[in-house]
Number of protein chains: 2
Amino acid sequence: MIPISSPTLLLDKQKACANIDRMLKKAKANDLRFKPHFKTHQSIAVGEWFKERGVNQITVSSVKMAEYFALNGWTDITIAFPCNVRVVERINNLAGRITLSILVSDPKTVAILRNSLSNKVQVYIEIDTGSDRTGLKPTDLDIIESLLQQITNSETLNFRGFYSHPGHSYSARSKQEIQNIHQDAVLQMQQLKKHYTSGFSNLLCCLGDTPCCSVGEGWEGIDEISAGNFVFYDLMQARIGSCNISDIAVALACPVVSTNSARKEIVVHGGAVHLSKESLGDAGKQTYGKIAEIDNDLSWGEPVAGCYVKSLSQEHGIIKCSTAFFERAEIGDIIGILPIHSCLTADAMKGYTTTVTADRIDHLQSAEVGVK
Amino acid sequence: MIPISSPTLLLDKQKACANIDRMLKKAKANDLRFKPHFKTHQSIAVGEWFKERGVNQITVSSVKMAEYFALNGWTDITIAFPCNVRVVERINNLAGRITLSILVSDPKTVAILRNSLSNKVQVYIEIDTGSDRTGLKPTDLDIIESLLQQITNSETLNFRGFYSHPGHSYSARSKQEIQNIHQDAVLQMQQLKKHYTSGFSNLLCCLGDTPCCSVGEGWEGIDEISAGNFVFYDLMQARIGSCNISDIAVALACPVVSTNSARKEIVVHGGAVHLSKESLGDAGKQTYGKIAEIDNDLSWGEPVAGCYVKSLSQEHGIIKCSTAFFERAEIGDIIGILPIHSCLTADAMKGYTTTVTADRIDHLQSAEVGVK
């Protein structure tokens with residue numbers, strides 16, 4: 001009998017480690033420093049799997065996450081998020097203890113940092129290679145120049161290079177589309193590097209999205225990669241072409257609480273607060289996950305054909321079933337849901353249970369909240 | 001200066017209490033017992049605001065939530081979620097301490113309950129009045145009869161009545177549409193009651209959705225209401241017509257970390273892990289929240305015209321601004337986001353800060369996880 005009674009995020013360590021090994025191999029083959037983004041797993045235990053493989057520099061997306069990993073032995077951390085000047089004191093404290101890198105793209109942010117920091121902080125200028133989210137366009141040379149001047153005139157800020165997250169790769173739907181985005185991002189970073197290399201001979205260029213890091217080819221001029229999602233992957237990455245469905249290393253195990261034979265639907269305890277409400281368009285309709293059968297050792301196989309999560313309420317997951325699956329599903333069964341977006345599911349669940357060994361594994365607890 | 005440095009869920013106690021008072025008044029006027037659903041706030045402190053007003057029966061959506069409130073002095077709790085037979089031991093333990101009601105609609109569930117319980121449990125049969133999620137159609141008289149037989153032959157199960165969540169009211173877009181759904185749900189419950197009242201003279205009928213409980217008129221035959229979202233409301237409820245935007249009692253306060261003048265966009269620390277990824281279709285595009293300006297006492301006013309949350313990444317919120325708002329927004333400012341779905345935002349944030357007094361308020365911590 002499967003030893004689960006309520007929604008539980010299962011983690012297949014073997015698959016996650018295979019994903020890590022594959023990315024490490026790719027980084028090595030392309031002479032790239034590997035600074036994995038830990039925002040996906042947010043786990044000290046999963047972090048150890050990287051450490052055992054020689055990784056000693058990591059990327060995170062908030063000061064709180066940086067503090068969590070710094071407390072647990074990580075000494076070189078990049079916060080790959082536009083610097084939040086409201087937490088400059090915590091940034092300064094952290095920078096007194098570890099090698100801390102941050103991202104900037106705004107002169108006002110840099111001015112505040114210069115006035116507030118007493119410890120050395122490493123600085124990347126964030127570049128927007130096409131995702132239209134944050135960062136400067138590589139053609140914004142005037143602002144880049146002025147930031148560089150502010151940084152080089154500061155005693156606490158040390159210019160480290162350029163960072164970009166080509167997040168528009170998430171809209172790719174084939175390896176070729178990913179490759180096109182990748183080549184374009186690499187080209188933009190190369191041109192920037194060429195422009196500034198005479199002044200900054202140790203300048204580093206870092207790229208950070210899972211699709212390009214998974215399947216992109218041609219890395220000349222790039223020094224570092226900081227992908228994160230690849231450790232677990234998910235249905236969105238499988239759709240994009242970054243991974244195979246069998247590479248997905250997490251599944252939400254859910255008890256079946258209701259069945260409806262007229263609609264061939266089952267309802268599980270496992271809803272938007274467990275999976276997150278990320279969806280994928282599929283043949284004209286939005287879906288919220290695929291179904292996998294969970295074995296007694298908590299592992300799972302390929303998705304069950306003809307079954308998908310049709311909708312999510314706060315705690316309900318409504319699953320459209322094939323006739324064959326509906327006929328064998330019963331009240332009290334545990335079924336698995338492969339998530340659309342594993343980063344959000346992991347953040348919602350705040351912990352993992354490993355397959356085979358059924359170990360409990362940590363995740364950073366509640367989102368950063370509260371009055372200063 | 002606003003005393004906030006990172007994403008913080010603000011709670012306006014005055015608005016929440018006005019929402020509670022309005023629903024209490026409505027319940028009283030219609031002779032309805034008020035059993036508010038606590039899944040929205042999941043907070044002992046907010047629960048006290050209800051208790052101070054004489055509420056002593058509540059509704060929740062999981063055994064874990066029931067345990068949380070039972071530990072904190074609530075003695076009559078309904079778990080309005082299809083009974084999860086995997087946690088029958090915890091249900092039995094809880095039923096030994098408080099008056100516990102559960103929902104059933106499946107003979108297999110009832111059979112397991114009969115074999116496992118030693119303490120008395122109150123049972124509602126769940127009715128699907130049109131939401132097509134869970135429960136039996138009121139016309140499924142054969143199954144209802146057989147459930148009633150199982151229940152009445154049991155020494156531990158006590159039939160209490162019929163429960164329905166007319167969740168299809170969430171697709172309404174006007175008060176009239178809500179009213180139509182409400183009338184139809186009430187009629188279905190009335191017919192069921194009429195059918196069974198000779199055998200069960202104390203039979204109760206309970207309805208539980210915020211739209212119908214907020215604006216529905218005509219409650220004959222209904223004994224109890226168990227709405228939950230109304231305590232905070234949100235943009236979805238405002239869109240449906242359940243509330244005014246000024247009734248919304250929570251806002252996510254977020255620091256501005258980046259600005260883009262070409263796109264008239266600002267980026268805040270406040271993303272899918274804080275707000276949840278619920279969206280509303282608005283003039284052909286999906287939006288993820290509206291913008292409110294936060295005062296020094298943490299309160300907020302009407303949404304800023306022409307501004308909305310355009311997209312959410314894991315920790316980024318991208319806000320499309322009016323020219324006027326863009327021009328006054330600065331790096332380091334704190335701005336508010338009114339959530340699309342407050343239940344999911346509260347669950348993601350796991351805690352509140354009150355306006356004016358800046359008190360920290362509890363929320364049940366991480367989702368129920370782990371091996372039994």
# chains A, B, ... in the order shown; residues from 1 in each chain; ligands from 1
>>> interface_residues(of="chain A", to="chain B", cutoff="8 Å", atoms="only C-alpha atoms", output="VMD selection string")
chain A and resid 3 to 9 61 82 to 87 105 to 106 108 to 109 133 to 134 255 to 260 267 269 272 to 274 276 to 278 314 to 315 318 331 to 332 343 to 344 347 to 353 358 360 365 to 372
>>> select_by_dssp(residues="segment 12-50 of chain A", states="helix (DSSP H, G or I)", output="VMD selection string")
chain A and resid 13 to 29 44 to 50
>>> write_last_selection(atoms="N, CA and C atoms", output="mmCIF file, in the first residue's frame")
data_model
loop_
_atom_site.group_PDB
_atom_site.id
_atom_site.type_symbol
_atom_site.label_atom_id
_atom_site.label_comp_id
_atom_site.auth_asym_id
_atom_site.auth_seq_id
_atom_site.Cartn_x
_atom_site.Cartn_y
_atom_site.Cartn_z
ATOM 1 N N LYS A 13 14.938 11.127 -6.958
ATOM 2 C CA LYS A 13 16.332 11.591 -6.853
ATOM 3 C C LYS A 13 17.155 11.135 -8.052
ATOM 4 N N GLN A 14 16.888 9.923 -8.511
ATOM 5 C CA GLN A 14 17.658 9.396 -9.643
ATOM 6 C C GLN A 14 17.459 10.264 -10.890
ATOM 7 N N LYS A 15 16.209 10.640 -11.146
ATOM 8 C CA LYS A 15 15.943 11.496 -12.311
ATOM 9 C C LYS A 15 16.562 12.882 -12.122
ATOM 10 N N ALA A 16 16.422 13.448 -10.914
ATOM 11 C CA ALA A 16 16.984 14.784 -10.670
ATOM 12 C C ALA A 16 18.498 14.750 -10.843
ATOM 13 N N CYS A 17 19.130 13.723 -10.315
ATOM 14 C CA CYS A 17 20.594 13.651 -10.425
ATOM 15 C C CYS A 17 21.021 13.428 -11.871
ATOM 16 N N ALA A 18 20.237 12.678 -12.623
ATOM 17 C CA ALA A 18 20.551 12.506 -14.050
ATOM 18 C C ALA A 18 20.431 13.853 -14.771
ATOM 19 N N ASN A 19 19.422 14.647 -14.388
ATOM 20 C CA ASN A 19 19.267 15.982 -14.986
ATOM 21 C C ASN A 19 20.463 16.878 -14.634
ATOM 22 N N ILE A 20 20.906 16.797 -13.393
ATOM 23 C CA ILE A 20 22.069 17.586 -12.969
ATOM 24 C C ILE A 20 23.310 17.134 -13.749
ATOM 25 N N ASP A 21 23.510 15.825 -13.822
ATOM 26 C CA ASP A 21 24.698 15.300 -14.507
ATOM 27 C C ASP A 21 24.735 15.730 -15.975
ATOM 28 N N ARG A 22 23.568 15.686 -16.608
ATOM 29 C CA ARG A 22 23.494 16.065 -18.027
ATOM 30 C C ARG A 22 23.886 17.533 -18.215
ATOM 31 N N MET A 23 23.374 18.385 -17.308
ATOM 32 C CA MET A 23 23.681 19.815 -17.433
ATOM 33 C C MET A 23 25.156 20.089 -17.104
ATOM 34 N N LEU A 24 25.686 19.377 -16.123
ATOM 35 C CA LEU A 24 27.106 19.523 -15.773
ATOM 36 C C LEU A 24 27.992 19.132 -16.957
ATOM 37 N N LYS A 25 27.627 18.059 -17.596
ATOM 38 C CA LYS A 25 28.390 17.554 -18.737
ATOM 39 C C LYS A 25 28.378 18.583 -19.864
ATOM 40 N N LYS A 26 27.204 19.145 -20.087
ATOM 41 C CA LYS A 26 27.074 20.148 -21.140
ATOM 42 C C LYS A 26 27.915 21.381 -20.811
ATOM 43 N N ALA A 27 27.863 21.811 -19.542
ATOM 44 C CA ALA A 27 28.648 22.972 -19.129
ATOM 45 C C ALA A 27 30.135 22.700 -19.343
ATOM 46 N N LYS A 28 30.577 21.538 -18.938
ATOM 47 C CA LYS A 28 31.992 21.178 -19.068
ATOM 48 C C LYS A 28 32.392 21.146 -20.546
ATOM 49 N N ALA A 29 31.561 20.532 -21.368
ATOM 50 C CA ALA A 29 31.876 20.387 -22.794
ATOM 51 C C ALA A 29 31.995 21.750 -23.477
ATOM 52 N N ILE A 44 18.044 22.606 0.817
ATOM 53 C CA ILE A 44 19.418 22.326 1.234
ATOM 54 C C ILE A 44 19.815 20.920 0.798
ATOM 55 N N ALA A 45 18.895 19.963 0.980
ATOM 56 C CA ALA A 45 19.201 18.569 0.644
ATOM 57 C C ALA A 45 19.479 18.414 -0.853
ATOM 58 N N VAL A 46 18.643 19.018 -1.700
ATOM 59 C CA VAL A 46 18.880 18.925 -3.147
ATOM 60 C C VAL A 46 20.172 19.655 -3.490
ATOM 61 N N GLY A 47 20.431 20.760 -2.811
ATOM 62 C CA GLY A 47 21.682 21.489 -3.016
ATOM 63 C C GLY A 47 22.904 20.605 -2.791
ATOM 64 N N GLU A 48 22.795 19.692 -1.833
ATOM 65 C CA GLU A 48 23.925 18.788 -1.559
ATOM 66 C C GLU A 48 24.248 17.907 -2.762
ATOM 67 N N TRP A 49 23.200 17.534 -3.517
ATOM 68 C CA TRP A 49 23.433 16.695 -4.705
ATOM 69 C C TRP A 49 24.299 17.453 -5.719
ATOM 70 N N PHE A 50 24.136 18.774 -5.777
ATOM 71 C CA PHE A 50 24.993 19.589 -6.642
ATOM 72 C C PHE A 50 26.401 19.677 -6.049
#
>>> closest_residue(among="A:Glu302, A:Asp223, A:Glu89, A:Glu52", to="Leu203 of chain A", atoms="only C-alpha atoms")
A:Asp223
>>> residues_around(residues="Lys320 of chain B", least_positions_apart="3", cutoff="7 Å", atoms="only C-alpha atoms", output="list in words")
Lys264, Glu265, Ile266, Cys307, Tyr308, Val309 and Lys310 of chain B
>>> residues_around(residues="Tyr163 of chain B", least_positions_apart="4", cutoff="8 Å", atoms="only C-alpha atoms", output="ChimeraX atom specification")
/B:103,124-127,205-208
>>> write_last_selection(atoms="N, CA and C atoms", output="CSV table (one decimal), in the first residue's frame")
chain,number,residue,atom,x,y,z
B,103,LEU,N,-18.6,15.5,4.4
B,103,LEU,CA,-19.4,15.4,3.1
B,103,LEU,C,-19.2,14.1,2.5
B,124,TYR,N,-23.2,15.1,5.9
B,124,TYR,CA,-24.0,15.7,4.8
B,124,TYR,C,-23.8,14.9,3.5
B,125,ILE,N,-24.9,14.8,2.8
B,125,ILE,CA,-24.7,14.2,1.4
B,125,ILE,C,-24.5,15.4,0.5
B,126,GLU,N,-23.4,15.4,-0.3
B,126,GLU,CA,-23.1,16.5,-1.1
B,126,GLU,C,-23.9,16.5,-2.4
B,127,ILE,N,-24.5,17.6,-2.8
B,127,ILE,CA,-25.4,17.7,-3.9
B,127,ILE,C,-24.7,18.6,-5.0
B,205,CYS,N,-30.4,22.0,5.0
B,205,CYS,CA,-29.9,22.3,3.7
B,205,CYS,C,-28.9,23.4,3.8
B,206,CYS,N,-27.7,23.2,3.3
B,206,CYS,CA,-26.6,24.2,3.4
B,206,CYS,C,-26.2,24.6,2.0
B,207,LEU,N,-26.0,25.9,1.7
B,207,LEU,CA,-25.4,26.4,0.4
B,207,LEU,C,-24.2,27.2,0.8
B,208,GLY,N,-23.2,27.1,-0.1
B,208,GLY,CA,-21.9,27.6,0.3
B,208,GLY,C,-21.1,28.5,-0.6
>>> closest_residue(among="A:Ser322, A:Thr78, A:Ser226, A:Ser171", to="Leu280 of chain A", atoms="only C-alpha atoms")
A:Ser171
>>> residues_around(residues="Leu204 of chain B", least_positions_apart="3", cutoff="7 Å", atoms="only C-alpha atoms", output="list in words")
Arg160, Gly161, Phe162 and Asp223 of chain B
